[in-house]
$ cat my_file_33.cif   # mmCIF, C-alpha atoms
data_structure
#
loop_
_atom_site.label_atom_id
_atom_site.label_comp_id
_atom_site.auth_asym_id
_atom_site.auth_seq_id
_atom_site.Cartn_x
_atom_site.Cartn_y
_atom_site.Cartn_z
CA MET A 1 0.00 0.00 0.00
CA ASN A 2 0.99 3.61 -0.57
CA ILE A 3 0.24 5.43 2.68
CA LEU A 4 0.16 9.15 3.46
CA ILE A 5 0.26 10.57 6.99
CA LEU A 6 -0.75 14.20 7.48
CA GLY A 7 1.19 16.11 10.16
CA GLY A 8 4.70 16.89 11.23
CA GLY A 9 4.98 16.39 14.98
CA GLY A 10 5.95 13.71 17.46
CA ARG A 11 2.56 12.05 17.09
CA GLU A 12 3.10 11.67 13.34
CA HIS A 13 6.66 10.39 13.76
CA ALA A 14 5.31 7.71 16.11
CA LEU A 15 2.53 6.81 13.66
CA ALA A 16 5.04 6.62 10.81
CA TRP A 17 7.39 4.46 12.87
CA ALA A 18 4.61 1.96 13.71
CA ILE A 19 3.12 1.89 10.20
CA LYS A 20 6.55 1.44 8.58
CA GLN A 21 6.99 -1.86 10.44
CA ASN A 22 3.89 -3.39 8.86
CA PRO A 23 4.57 -5.37 5.65
CA LYS A 24 1.38 -3.92 4.13
CA CYS A 25 3.21 -0.57 3.86
CA ASP A 26 5.07 -0.36 0.55
CA ARG A 27 5.57 3.41 0.27
CA LEU A 28 5.23 5.85 3.18
CA MET A 29 4.76 9.60 2.70
CA VAL A 30 4.32 12.23 5.41
CA ALA A 31 3.27 15.85 4.91
CA PRO A 32 5.00 17.99 5.99
CA GLY A 33 7.07 15.71 8.24
CA ASN A 34 10.19 16.76 10.16
CA ALA A 35 13.88 15.89 10.40
CA GLY A 36 13.25 12.59 12.16
CA ILE A 37 10.37 11.52 9.93
CA ALA A 38 12.53 12.22 6.85
CA GLN A 39 14.81 9.36 7.96
CA ILE A 40 12.05 6.76 7.53
CA ALA A 41 9.58 8.27 5.03
CA GLU A 42 9.25 10.63 2.08
CA CYS A 43 8.32 14.14 3.23
CA ALA A 44 5.99 16.27 1.09
CA ASP A 45 5.44 20.02 1.25
CA ILE A 46 1.68 20.46 0.88
CA ASP A 47 -0.98 22.43 2.75
CA ILE A 48 -2.50 19.70 4.88
CA ASN A 49 -5.53 21.87 5.72
CA SER A 50 -6.44 22.27 2.05
CA ARG A 51 -9.03 19.74 0.91
CA SER A 52 -8.06 20.12 -2.75
CA ALA A 53 -4.29 20.08 -2.19
CA VAL A 54 -4.41 16.84 -0.19
CA ALA A 55 -6.81 15.13 -2.62
CA GLU A 56 -4.70 16.16 -5.63
CA PHE A 57 -1.50 14.91 -3.97
CA CYS A 58 -3.14 11.56 -3.24
CA GLU A 59 -4.37 11.16 -6.80
CA GLY A 60 -0.98 12.16 -8.23
CA ASN A 61 0.91 9.71 -5.99
CA ALA A 62 -1.50 6.76 -6.10
CA VAL A 63 -2.11 6.97 -2.35
CA ASP A 64 -4.21 4.08 -1.06
CA PHE A 65 -4.70 5.14 2.56
CA VAL A 66 -4.47 8.45 4.43
CA VAL A 67 -3.97 8.78 8.20
CA ILE A 68 -4.80 12.28 9.45
CA GLY A 69 -2.76 13.18 12.53
CA PRO A 70 -3.76 16.68 13.75
CA GLU A 71 -7.22 18.06 14.43
CA ALA A 72 -7.08 21.08 12.10
CA PRO A 73 -7.33 19.12 8.79
CA LEU A 74 -10.21 17.10 10.24
CA VAL A 75 -12.11 20.24 11.22
CA ALA A 76 -11.34 21.67 7.76
CA GLY A 77 -13.08 18.69 6.14
CA VAL A 78 -10.04 16.99 4.59
CA ALA A 79 -11.42 13.54 5.49
CA ASP A 80 -14.68 14.43 3.72
CA ALA A 81 -12.83 15.47 0.55
CA LEU A 82 -10.78 12.27 0.53
CA ARG A 83 -13.83 10.05 0.92
CA HIS A 84 -15.60 12.01 -1.82
CA ALA A 85 -12.60 11.25 -4.07
CA GLY A 86 -12.82 7.56 -3.19
CA ILE A 87 -9.62 7.52 -1.11
CA LEU A 88 -9.59 5.41 2.05
CA CYS A 89 -9.08 7.64 5.07
CA PHE A 90 -8.63 7.35 8.85
CA GLY A 91 -10.30 10.27 10.61
CA PRO A 92 -13.78 11.68 11.27
CA SER A 93 -15.82 13.99 9.06
CA ALA A 94 -15.84 17.72 9.74
CA ALA A 95 -19.30 17.38 11.27
CA ALA A 96 -18.13 14.64 13.65
CA ALA A 97 -14.90 16.54 14.41
CA ARG A 98 -17.03 19.17 16.14
CA LEU A 99 -16.59 16.98 19.22
CA GLU A 100 -13.20 18.66 19.51
CA ALA A 101 -13.78 21.84 17.50
CA SER A 102 -16.51 23.09 19.85
CA LYS A 103 -16.58 22.44 23.57
CA ALA A 104 -20.17 23.72 23.72
CA PHE A 105 -21.22 21.21 21.04
CA THR A 106 -19.67 18.35 23.04
CA LYS A 107 -21.50 19.49 26.16
CA GLU A 108 -24.79 19.54 24.25
CA VAL A 109 -24.16 16.01 22.98
CA CYS A 110 -23.32 14.80 26.50
CA ASP A 111 -26.45 16.40 27.90
CA ALA A 112 -28.56 14.78 25.17
CA CYS A 113 -27.19 11.27 25.79
CA GLY A 114 -26.79 11.52 29.57
CA ALA A 115 -22.99 11.15 29.59
CA PRO A 116 -21.61 12.35 32.94
CA THR A 117 -19.60 15.57 32.68
CA ALA A 118 -19.12 18.88 34.51
CA ALA A 119 -21.94 21.42 34.83
CA TRP A 120 -21.39 24.20 32.29
CA ALA A 121 -22.57 27.39 30.63
CA ARG A 122 -21.57 29.18 27.39
CA PHE A 123 -21.05 32.90 26.83
CA THR A 124 -20.41 35.28 23.97
CA ASP A 125 -19.69 38.37 26.08
CA ALA A 126 -17.38 39.02 29.00
CA VAL A 127 -19.88 40.80 31.26
CA ALA A 128 -22.28 37.85 31.42
CA ALA A 129 -19.42 35.36 31.76
CA LYS A 130 -17.90 37.21 34.71
CA ALA A 131 -21.28 37.57 36.40
CA TYR A 132 -21.69 33.79 36.17
CA ILE A 133 -18.23 33.27 37.65
CA GLU A 134 -19.02 35.62 40.54
CA ALA A 135 -22.19 33.65 41.24
CA GLN A 136 -20.50 30.21 41.04
CA GLY A 137 -17.27 31.01 42.89
CA ALA A 138 -13.90 29.32 42.50
CA PRO A 139 -12.16 27.05 41.69
CA ILE A 140 -13.73 27.10 38.23
CA VAL A 141 -12.65 26.26 34.68
CA VAL A 142 -12.65 28.70 31.76
CA LYS A 143 -12.30 27.32 28.23
CA ALA A 144 -12.06 28.85 24.78
CA ASP A 145 -14.80 27.08 22.83
CA GLY A 146 -12.78 26.34 19.69
CA LEU A 147 -9.43 24.81 18.79
CA ALA A 148 -6.55 26.33 20.76
CA ALA A 149 -3.79 23.73 20.31
CA GLY A 150 -4.49 22.26 23.75
CA LYS A 151 -3.82 25.55 25.52
CA GLY A 152 -7.22 27.31 25.67
CA VAL A 153 -8.09 26.08 29.18
CA VAL A 154 -7.59 27.93 32.46
CA VAL A 155 -8.22 26.14 35.76
CA ALA A 156 -8.75 29.20 37.93
CA ALA A 157 -8.14 28.99 41.66
CA THR A 158 -9.80 32.37 42.30
CA VAL A 159 -12.65 34.42 40.87
CA GLU A 160 -10.16 37.11 39.89
CA GLU A 161 -8.06 34.63 37.91
CA ALA A 162 -11.15 33.30 36.15
CA CYS A 163 -12.35 36.78 35.20
CA ALA A 164 -8.89 37.64 33.89
CA ALA A 165 -9.01 34.50 31.73
CA VAL A 166 -12.36 35.58 30.31
CA ASP A 167 -10.97 38.99 29.42
CA GLU A 168 -7.91 37.40 27.82
CA MET A 169 -9.97 35.03 25.69
CA PHE A 170 -12.42 37.66 24.48
CA ALA A 171 -9.46 39.94 23.74
CA GLY A 172 -8.23 37.39 21.19
CA ALA A 173 -5.51 35.47 23.04
CA PHE A 174 -6.63 32.31 21.25
CA GLY A 175 -7.91 33.91 18.06
CA ASP A 176 -11.31 32.79 16.82
CA ALA A 177 -11.26 29.90 19.30
CA GLY A 178 -12.08 32.39 22.08
CA ALA A 179 -15.00 34.10 20.34
CA GLU A 180 -17.21 31.98 22.59
CA VAL A 181 -16.28 30.84 26.09
CA VAL A 182 -17.42 27.79 28.04
CA ILE A 183 -17.28 27.94 31.83
CA GLU A 184 -17.36 24.67 33.72
CA GLU A 185 -17.60 23.32 37.21
CA PHE A 186 -14.19 22.38 38.57
CA MET A 187 -13.87 18.59 38.80
CA ALA A 188 -11.50 17.18 41.41
CA GLY A 189 -9.75 13.87 40.97
CA GLU A 190 -7.12 12.22 38.78
CA GLU A 191 -7.14 12.85 35.02
CA ALA A 192 -6.42 10.12 32.47
CA SER A 193 -6.93 9.39 28.79
CA PHE A 194 -8.91 6.57 27.20
CA PHE A 195 -8.52 5.78 23.48
CA VAL A 196 -11.00 3.91 21.31
CA LEU A 197 -11.43 3.27 17.61
CA VAL A 198 -14.90 3.77 16.15
CA ASP A 199 -15.95 2.69 12.65
CA GLY A 200 -19.39 4.31 12.71
CA THR A 201 -20.92 1.32 14.52
CA GLU A 202 -18.39 -0.68 16.51
CA VAL A 203 -16.25 0.67 19.35
CA LEU A 204 -12.84 -0.92 20.09
CA PRO A 205 -10.75 0.20 23.10
CA ILE A 206 -7.05 0.46 22.15
CA GLY A 207 -5.35 1.80 25.26
CA THR A 208 -5.04 4.14 28.20
CA ALA A 209 -2.47 6.78 29.10
CA GLN A 210 -1.75 9.68 31.40
CA ASP A 211 0.06 12.82 30.35
CA HIS A 212 1.60 15.73 32.25
CA LYS A 213 0.32 19.14 31.22
CA ARG A 214 2.33 21.42 33.49
CA ALA A 215 5.71 22.59 32.24
CA ARG A 216 7.78 21.89 35.34
CA ASP A 217 8.47 19.18 37.91
CA GLY A 218 5.90 18.70 40.63
CA ASP A 219 3.10 19.63 38.20
CA THR A 220 4.02 23.30 38.47
CA GLY A 221 4.34 26.01 35.84
CA PRO A 222 1.99 26.88 32.98
CA ASN A 223 -0.18 24.42 31.05
CA THR A 224 1.40 23.01 27.91
CA GLY A 225 0.42 20.66 25.12
CA GLY A 226 1.95 17.88 27.24
CA MET A 227 5.43 17.31 28.71
CA GLY A 228 5.35 13.52 28.87
CA ALA A 229 3.08 10.50 29.12
CA TYR A 230 2.96 6.85 30.09
CA SER A 231 0.80 3.85 29.25
CA PRO A 232 -1.11 2.04 30.61
CA ALA A 233 -2.73 4.31 33.19
CA PRO A 234 -3.21 2.29 36.40
CA VAL A 235 -6.09 4.50 37.52
CA LEU A 236 -8.16 3.30 34.55
CA THR A 237 -8.98 -0.17 35.84
CA ALA A 238 -10.86 -2.73 33.75
CA ALA A 239 -14.01 -1.91 35.72
CA LEU A 240 -13.65 1.81 35.05
CA GLN A 241 -13.03 1.21 31.36
CA ALA A 242 -16.21 -0.86 31.15
CA GLN A 243 -18.10 1.91 32.95
CA MET A 244 -16.76 4.55 30.57
CA LEU A 245 -17.72 2.54 27.52
CA GLU A 246 -21.30 2.03 28.67
CA GLN A 247 -21.95 5.43 30.28
CA ILE A 248 -19.87 7.83 28.18
CA ILE A 249 -18.38 6.55 24.91
CA LYS A 250 -21.18 4.38 23.50
CA PRO A 251 -23.98 6.84 24.37
CA THR A 252 -21.99 9.64 22.71
CA MET A 253 -21.45 7.58 19.57
CA ALA A 254 -25.13 6.64 19.46
CA GLU A 255 -26.12 10.30 19.76
CA MET A 256 -23.71 11.27 16.97
CA ALA A 257 -25.23 8.60 14.72
CA ARG A 258 -28.75 9.76 15.65
CA ARG A 259 -27.79 13.27 14.51
CA GLY A 260 -26.70 11.92 11.13
CA THR A 261 -22.98 12.38 11.81
CA PRO A 262 -21.63 8.91 12.64
CA TYR A 263 -18.09 8.90 13.97
CA GLN A 264 -15.16 7.11 12.29
CA GLY A 265 -11.60 7.29 13.56
CA VAL A 266 -9.84 7.40 16.89
CA LEU A 267 -11.67 9.04 19.78
CA TYR A 268 -9.67 10.24 22.76
CA ALA A 269 -11.65 10.79 25.93
CA GLY A 270 -10.06 12.91 28.64
CA LEU A 271 -11.56 11.75 31.93
CA MET A 272 -11.59 12.82 35.57
CA ILE A 273 -11.69 9.94 38.02
CA GLU A 274 -12.81 10.36 41.62
CA GLY A 275 -14.26 7.86 44.05
CA GLY A 276 -14.26 5.05 41.52
CA HIS A 277 -16.31 6.98 38.94
CA ALA A 278 -15.34 8.80 35.76
CA ARG A 279 -16.68 11.98 34.19
CA LEU A 280 -15.80 13.36 30.80
CA VAL A 281 -13.45 16.35 30.69
CA GLU A 282 -13.27 16.61 26.89
CA TYR A 283 -13.11 14.68 23.65
CA ASN A 284 -10.34 14.89 21.08
CA VAL A 285 -10.89 13.52 17.59
CA ARG A 286 -7.30 12.37 17.00
CA PHE A 287 -4.51 10.66 18.88
CA GLY A 288 -3.17 12.72 21.75
CA ASP A 289 0.32 14.12 21.62
CA PRO A 290 2.38 12.85 23.51
CA GLU A 291 0.03 9.95 24.34
CA CYS A 292 0.24 8.63 20.78
CA GLN A 293 3.95 8.05 21.22
CA VAL A 294 3.49 5.60 24.09
CA LEU A 295 0.51 3.89 22.43
CA MET A 296 2.42 3.34 19.17
CA MET A 297 5.47 2.11 21.09
CA ARG A 298 3.26 -0.58 22.63
CA LEU A 299 1.12 -1.38 19.55
CA GLY A 300 3.86 -1.49 16.91
CA ALA A 301 3.01 -2.83 13.45
CA GLN A 302 -0.54 -3.87 14.37
CA ALA A 303 -1.51 -0.18 14.57
CA LEU A 304 -1.88 -0.10 10.77
CA ASP A 305 -4.12 -3.18 10.75
CA LEU A 306 -6.35 -1.62 13.40
CA MET A 307 -6.61 1.72 11.58
CA LEU A 308 -7.39 -0.01 8.27
CA ALA A 309 -10.14 -2.08 9.91
CA CYS A 310 -11.55 1.12 11.41
CA ALA A 311 -11.54 2.94 8.06
CA GLU A 312 -13.09 -0.02 6.25
CA GLY A 313 -15.90 -0.51 8.79
CA ARG A 314 -14.78 -3.93 10.03
CA LEU A 315 -13.63 -3.37 13.58
CA HIS A 316 -15.66 -6.42 14.58
CA GLU A 317 -13.03 -8.55 12.80
CA VAL A 318 -9.99 -7.37 14.78
CA ALA A 319 -8.65 -7.38 18.34
CA VAL A 320 -5.78 -5.57 20.04
CA ASN A 321 -2.81 -7.78 20.88
CA TRP A 322 -1.33 -6.18 24.01
CA ALA A 323 1.97 -7.27 25.46
CA ASP A 324 2.32 -7.12 29.25
CA ASP A 325 4.46 -4.01 29.04
CA HIS A 326 4.68 -0.30 29.82
CA ALA A 327 5.84 2.73 27.88
CA MET A 328 6.91 6.26 28.76
CA THR A 329 7.75 9.34 26.70
CA VAL A 330 9.59 12.41 27.96
CA VAL A 331 9.16 15.65 26.02
CA MET A 332 12.20 17.81 25.47
CA ALA A 333 11.06 21.40 24.82
CA ALA A 334 12.71 24.71 23.93
CA GLN A 335 13.52 27.00 26.84
CA GLY A 336 10.62 29.45 27.25
CA TYR A 337 7.92 27.02 26.06
CA PRO A 338 4.90 27.32 26.28
CA GLY A 339 5.64 31.04 26.05
CA ALA A 340 8.10 32.69 23.67
CA TYR A 341 11.01 30.51 22.58
CA ALA A 342 13.82 30.69 20.02
CA LYS A 343 14.17 28.47 16.96
CA GLY A 344 17.28 27.37 15.11
CA SER A 345 19.55 26.02 17.88
CA GLU A 346 21.45 22.84 17.01
CA ILE A 347 20.63 19.56 18.76
CA ARG A 348 23.65 17.31 19.19
CA GLY A 349 24.00 13.77 20.46
CA LEU A 350 21.24 12.19 18.35
CA ASP A 351 23.60 10.07 16.28
CA GLY A 352 24.15 6.63 17.68
CA LEU A 353 21.14 6.60 20.02
CA PRO A 354 19.29 3.27 20.15
CA ALA A 355 16.35 3.01 17.75
CA ASP A 356 14.39 -0.20 18.14
CA SER A 357 11.14 -1.58 19.54
CA TRP A 358 12.28 -0.75 23.08
CA GLN A 359 13.49 2.83 22.68
CA MET A 360 13.04 5.57 20.11
CA VAL A 361 13.59 9.31 19.80
CA PHE A 362 10.52 10.70 18.06
CA HIS A 363 11.05 14.14 16.54
CA ALA A 364 8.41 16.84 17.01
CA GLY A 365 9.59 20.38 16.23
CA THR A 366 12.79 19.74 14.24
CA ARG A 367 14.21 20.50 10.81
CA ALA A 368 17.33 19.36 9.02
CA GLU A 369 19.94 21.82 7.74
CA ARG A 370 22.82 20.16 5.94
CA ALA A 371 24.08 17.54 8.41
CA ALA A 372 22.59 19.25 11.49
CA VAL A 373 19.24 18.84 13.27
CA LEU A 374 17.83 22.16 14.44
CA ALA A 375 15.04 22.97 16.89
CA ASP A 376 12.02 24.31 15.03
CA GLY A 377 9.19 24.36 17.57
CA GLY A 378 8.18 24.47 21.21
CA ARG A 379 8.05 20.75 21.87
CA VAL A 380 11.05 19.37 20.01
CA LEU A 381 11.86 15.74 20.90
CA ASN A 382 10.04 12.80 22.50
CA LEU A 383 12.33 10.34 24.29
CA THR A 384 10.24 7.18 24.30
CA ALA A 385 10.84 3.70 25.71
CA ARG A 386 9.16 0.43 26.63
CA GLY A 387 9.88 -1.83 29.56
CA GLY A 388 8.54 -4.78 31.49
CA THR A 389 7.72 -2.30 34.26
CA LEU A 390 7.06 1.42 34.21
CA ALA A 391 10.28 2.00 36.17
CA GLU A 392 12.22 0.16 33.47
CA ALA A 393 10.56 2.24 30.73
CA ARG A 394 11.33 5.41 32.70
CA ASP A 395 14.99 4.50 33.11
CA ARG A 396 15.37 3.87 29.37
CA ALA A 397 13.58 7.10 28.40
CA TYR A 398 15.70 9.24 30.71
CA ALA A 399 18.86 7.48 29.57
CA LEU A 400 18.04 8.73 26.06
CA ALA A 401 17.36 12.25 27.37
CA ASP A 402 20.66 12.40 29.22
CA ARG A 403 22.63 11.59 26.06
CA ILE A 404 21.27 14.55 24.12
CA ASP A 405 23.37 17.71 24.02
CA TRP A 406 20.99 20.65 23.72
CA PRO A 407 21.50 23.43 26.30
CA GLU A 408 18.62 25.42 24.80
CA GLY A 409 16.14 22.70 25.81
CA PHE A 410 14.59 21.42 29.02
CA PHE A 411 12.49 18.46 30.22
CA ARG A 412 10.71 17.29 33.34
CA ARG A 413 12.42 14.74 35.55
CA ASP A 414 9.27 13.34 37.17
CA ILE A 415 7.16 11.90 34.35
CA GLY A 416 5.07 9.02 35.68
CA TRP A 417 5.41 10.05 39.31
CA ARG A 418 1.84 9.12 40.26
CA ALA A 419 1.99 5.57 38.94
CA LEU A 420 5.55 5.03 40.16
CA ARG A 421 4.64 6.22 43.65
CA GLU A 422 1.74 3.80 43.78
#

$ encode --input "my_file_33.cif" --output "structure tokens"
Amino acid sequence: MNILILGGGGREHALAWAIKQNPKCDRLMVAPGNAGIAQIAECADIDINSRSAVAEFCEGNAVDFVVIGPEAPLVAGVADALRHAGILCFGPSAAAARLEASKAFTKEVCDACGAPTAAWARFTDAVAAKAYIEAQGAPIVVKADGLAAGKGVVVAATVEEACAAVDEMFAGAFGDAGAEVVIEEFMAGEEASFFVLVDGTEVLPIGTAQDHKRARDGDTGPNTGGMGAYSPAPVLTAALQAQMLEQIIKPTMAEMARRGTPYQGVLYAGLMIEGGHARLVEYNVRFGDPECQVLMMRLGAQALDLMLACAEGRLHEVAVNWADDHAMTVVMAAQGYPGAYAKGSEIRGLDGLPADSWQMVFHAGTRAERAAVLADGGRVLNLTARGGTLAEARDRAYALADRIDWPEGFFRRDIGWRALRE
């Protein structure tokens, strides 16, 4: 098969790495890719949010299957255009992708199907939003309604902080994503991620993970897109997963089908667990980043078979073959991230690092310049490893991190601390 992956981050490097191992993959293309992806696949310079550009590239390169990594092309309707052109595609329609594109839409769907989630209200002006906050008190959660690259959420400890977040969002801090604001009840507990494949009818769980959103050790510092992750997540027991499927995931999928927008692709449910029960925090309509890195490390070549079955509507024919293992990824980011950071510094020490089914360096924000690898983003590298225990996976991941020579970068030293403590 000729396969195209859309995206250029750590998630897409991990997807490419897993897909490349499957003998069904004859030719692998990634658009736009990065310096690490270029070592295992052909990189193409196309506008991945353009329906016509992606469809034309696929037709010109005899692409058989497209895997869409980020959310933006999904929301832009790229999956719809590919299906219209008769090209097999992994990813939901634009209508179904509203589960991530609009937090208010997701809340409406949850209310309609009875899926447990936080109490909420939506606002289009700051005065009404701040009045609601004053009435509810703190802690409280303020969210930009639209896509904000995982950063449009403020968990406010005080009313003043919440009101400041409202002002910031309506002032355009997150662009059009903040034109409408959703304010939610604060949910206490432990957060974790649950991943399922959905083919429009069938639902197949494919893994659990926990990530670390805060920039610094001890879960301090600003929220980021994620500074590391591990899988599986011990807090998501078999009983909790069964509960989530019956009370949250399946009712949501039934409601989407009832609305005429059946879901096809990976669905990532962010959940808050307290007292043995789970409530939905949010849905994402693509693999999480950096959660994808640990899931692909554990799934390996079978990931392609699972995604093909999902795209072809035959999930009932497949099962996930899990090894009794653990995986961890540590994100190395540019100093200053998630705020302002510099690009262009050279990353040394990558040559000679192990690259096998037990340990991999997945590139996120990198580019190649002659023989050098340069930092080209906020989150730059994902040091990822498997082990028979989480401690073993941690030791391998940090051994990779310690061999990289990049003074302009930083990483957390405590990824996995909850599970390791327990």

$ closest_atom_pairs --input "my_file_33.cif" --of "range 55-114 of chain A" --to "range 237-257 of chain A" --cutoff "8 Å" --atoms "all atoms listed in the file" --output "JSON lines"
{"residue": "A:Ala96", "atom": "CA", "partner": "A:Met256", "partner_atom": "CA", "distance": 7.3}
{"residue": "A:Val109", "atom": "CA", "partner": "A:Thr252", "partner_atom": "CA", "distance": 6.7}
{"residue": "A:Cys110", "atom": "CA", "partner": "A:Thr252", "partner_atom": "CA", "distance": 6.5}
{"residue": "A:Ala112", "atom": "CA", "partner": "A:Glu255", "partner_atom": "CA", "distance": 7.4}
{"residue": "A:Cys113", "atom": "CA", "partner": "A:Pro251", "partner_atom": "CA", "distance": 5.7}
{"residue": "A:Gly114", "atom": "CA", "partner": "A:Pro251", "partner_atom": "CA", "distance": 7.5}

$ resolve_selection --input "my_file_33.cif" --expression "the PyMOL selection byres ((chain A and resi 413) around 10)" --output "VMD selection string"
chain A and resid 216 to 218 228 330 394 398 401 410 to 412 414 to 417

$ axis_aligned_box --input "my_file_33.cif" --around "range 230-241 of chain A" --padding-each-side "5 Å" --output "lines of an AutoDock Vina configuration file"
center_x = -5.5
center_y = 2.1
center_z = 33.4
size_x = 27.0
size_y = 19.6
size_z = 18.3

$ closest_residue --input "my_file_33.cif" --among "A:Arg11, A:Arg286, A:Arg259, A:Arg279" --to "Glu71 in chain A" --atoms "all atoms listed in the file"
A:Arg286

$ atom_distance --input "my_file_33.cif" --atom1 "CA of Asp167 in chain A" --atom2 "CA of Gly146 in chain A"
16.1 Å

$ closest_residue --input "my_file_33.cif" --among "A:Ile87, A:Ala233, A:Ala309, A:Val373" --to "Phe195 in chain A" --atoms "all atoms listed in the file"
A:Ala233

$ closest_residue --input "my_file_33.cif" --among "A:Asp305, A:Asp80, A:Asp145, A:Glu274" --to "Glu190 in chain A" --atoms "all atoms listed in the file"
A:Glu274

$ atom_distance --input "my_file_33.cif" --atom1 "CA of Thr158 in chain A" --atom2 "CA of Thr124 in chain A"
21.4 Å

$ atom_distance --input "my_file_33.cif" --atom1 "CA of Leu350 in chain A" --atom2 "CA of Cys25 in chain A"
26.4 Å

$ closest_residue --input "my_file_33.cif" --among "A:Asn284, A:Thr117, A:Asn34, A:Asn22" --to "Leu381 in chain A" --atoms "only C-alpha atoms"
A:Asn34

$ resolve_selection --input "my_file_33.cif" --expression "the PyMOL selection byres ((chain A and resi 13) around 8)" --output "list of chain:residue names"
A:Gly8, A:Gly9, A:Gly10, A:Arg11, A:Glu12, A:Ala14, A:Leu15, A:Ala16, A:Trp17, A:Gly33, A:Gly36, A:Ile37, A:Phe362, A:His363, A:Ala364

$ closest_atom_pairs --input "my_file_33.cif" --of "range 192-270 of chain A" --to "range 288-300 of chain A" --cutoff "10 Å" --atoms "only C-alpha atoms" --output "CSV"
residue,atom,partner,partner_atom,distance
A:Ser193,CA,A:Glu291,CA,8.3
A:Phe194,CA,A:Glu291,CA,10.0
A:Phe195,CA,A:Gly288,CA,8.9
A:Ile206,CA,A:Leu295,CA,8.3
A:Gly207,CA,A:Leu295,CA,6.8
A:Thr208,CA,A:Leu295,CA,8.0
A:Ala209,CA,A:Glu291,CA,6.2
A:Gln210,CA,A:Glu291,CA,7.3
A:Asp211,CA,A:Glu291,CA,6.7
A:His212,CA,A:Pro290,CA,9.2
A:Gly225,CA,A:Asp289,CA,7.4
A:Gly226,CA,A:Pro290,CA,6.3
A:Met227,CA,A:Pro290,CA,7.5
A:Gly228,CA,A:Pro290,CA,6.2
A:Ala229,CA,A:Glu291,CA,5.7
A:Tyr230,CA,A:Val294,CA,6.2
A:Ser231,CA,A:Val294,CA,6.1
A:Pro232,CA,A:Leu295,CA,8.5
A:Val266,CA,A:Gly288,CA,9.8
A:Leu267,CA,A:Gly288,CA,9.5
A:Tyr268,CA,A:Gly288,CA,7.0
A:Ala269,CA,A:Gly288,CA,9.6
A:Gly270,CA,A:Gly288,CA,9.7

$ residues_around --input "my_file_33.cif" --residues "range 405-408 of chain A" --least-positions-apart "4" --cutoff "10 Å" --atoms "only C-alpha atoms" --output "PDB file with C-alpha atoms, in the coordinates of the input"
ATOM      1  CA  MET A 332      12.200  17.810  25.470  1.00  0.00           C
ATOM      2  CA  ALA A 333      11.060  21.400  24.820  1.00  0.00           C
ATOM      3  CA  ALA A 334      12.710  24.710  23.930  1.00  0.00           C
ATOM      4  CA  GLN A 335      13.520  27.000  26.840  1.00  0.00           C
ATOM      5  CA  GLY A 336      10.620  29.450  27.250  1.00  0.00           C
ATOM      6  CA  TYR A 341      11.010  30.510  22.580  1.00  0.00           C
ATOM      7  CA  ALA A 342      13.820  30.690  20.020  1.00  0.00           C
ATOM      8  CA  LYS A 343      14.170  28.470  16.960  1.00  0.00           C
ATOM      9  CA  GLY A 344      17.280  27.370  15.110  1.00  0.00           C
ATOM     10  CA  SER A 345      19.550  26.020  17.880  1.00  0.00           C
ATOM     11  CA  GLU A 346      21.450  22.840  17.010  1.00  0.00           C
ATOM     12  CA  ILE A 347      20.630  19.560  18.760  1.00  0.00           C
ATOM     13  CA  ARG A 348      23.650  17.310  19.190  1.00  0.00           C
ATOM     14  CA  GLY A 349      24.000  13.770  20.460  1.00  0.00           C
ATOM     15  CA  LEU A 350      21.240  12.190  18.350  1.00  0.00           C
ATOM     16  CA  LEU A 374      17.830  22.160  14.440  1.00  0.00           C
ATOM     17  CA  ALA A 375      15.040  22.970  16.890  1.00  0.00           C
ATOM     18  CA  ALA A 401      17.360  12.250  27.370  1.00  0.00           C
TER      19      ALA A 401
END

$ closest_residue --input "my_file_33.cif" --among "A:Leu308, A:Ala97, A:Leu147, A:Ala171" --to "Val75 in chain A" --atoms "all atoms listed in the file"
A:Ala97

$ resolve_selection --input "my_file_33.cif" --expression "the PyMOL selection byres ((chain A and resi 358) around 8)" --output "ChimeraX atom specification"
/A:297,355-357,359-360,385-387

$ write_last_selection --input "my_file_33.cif" --atoms "C-alpha atoms" --output "PDB file, in the coordinates of the input"
ATOM      1  CA  MET A 297       5.470   2.110  21.090  1.00  0.00           C
ATOM      2  CA  ALA A 355      16.350   3.010  17.750  1.00  0.00           C
ATOM      3  CA  ASP A 356      14.390  -0.200  18.140  1.00  0.00           C
ATOM      4  CA  SER A 357      11.140  -1.580  19.540  1.00  0.00           C
ATOM      5  CA  GLN A 359      13.490   2.830  22.680  1.00  0.00           C
ATOM      6  CA  MET A 360      13.040   5.570  20.110  1.00  0.00           C
ATOM      7  CA  ALA A 385      10.840   3.700  25.710  1.00  0.00           C
ATOM      8  CA  ARG A 386       9.160   0.430  26.630  1.00  0.00           C
ATOM      9  CA  GLY A 387       9.880  -1.830  29.560  1.00  0.00           C
TER      10      GLY A 387
END

$ residues_around --input "my_file_33.cif" --residues "Pro338 in chain A" --least-positions-apart "5" --cutoff "8 Å" --atoms "all atoms listed in the file" --output "ChimeraX atom specification"
/A:215,222-224,378

$ residues_around --input "my_file_33.cif" --residues "Glu184 in chain A" --least-positions-apart "5" --cutoff "10 Å" --atoms "all atoms listed in the file" --output "list in words"
Thr117, Ala118, Ala119, Trp120, Ala121, Arg122, Ile133, Gln136, Pro139, Ile140, Val141, Val142, Lys143, Val155 and Val281 of chain A

$ closest_residue --input "my_file_33.cif" --among "A:Leu74, A:Ile3, A:Met187, A:Val331" --to "Ala397 in chain A" --atoms "all atoms listed in the file"
A:Val331
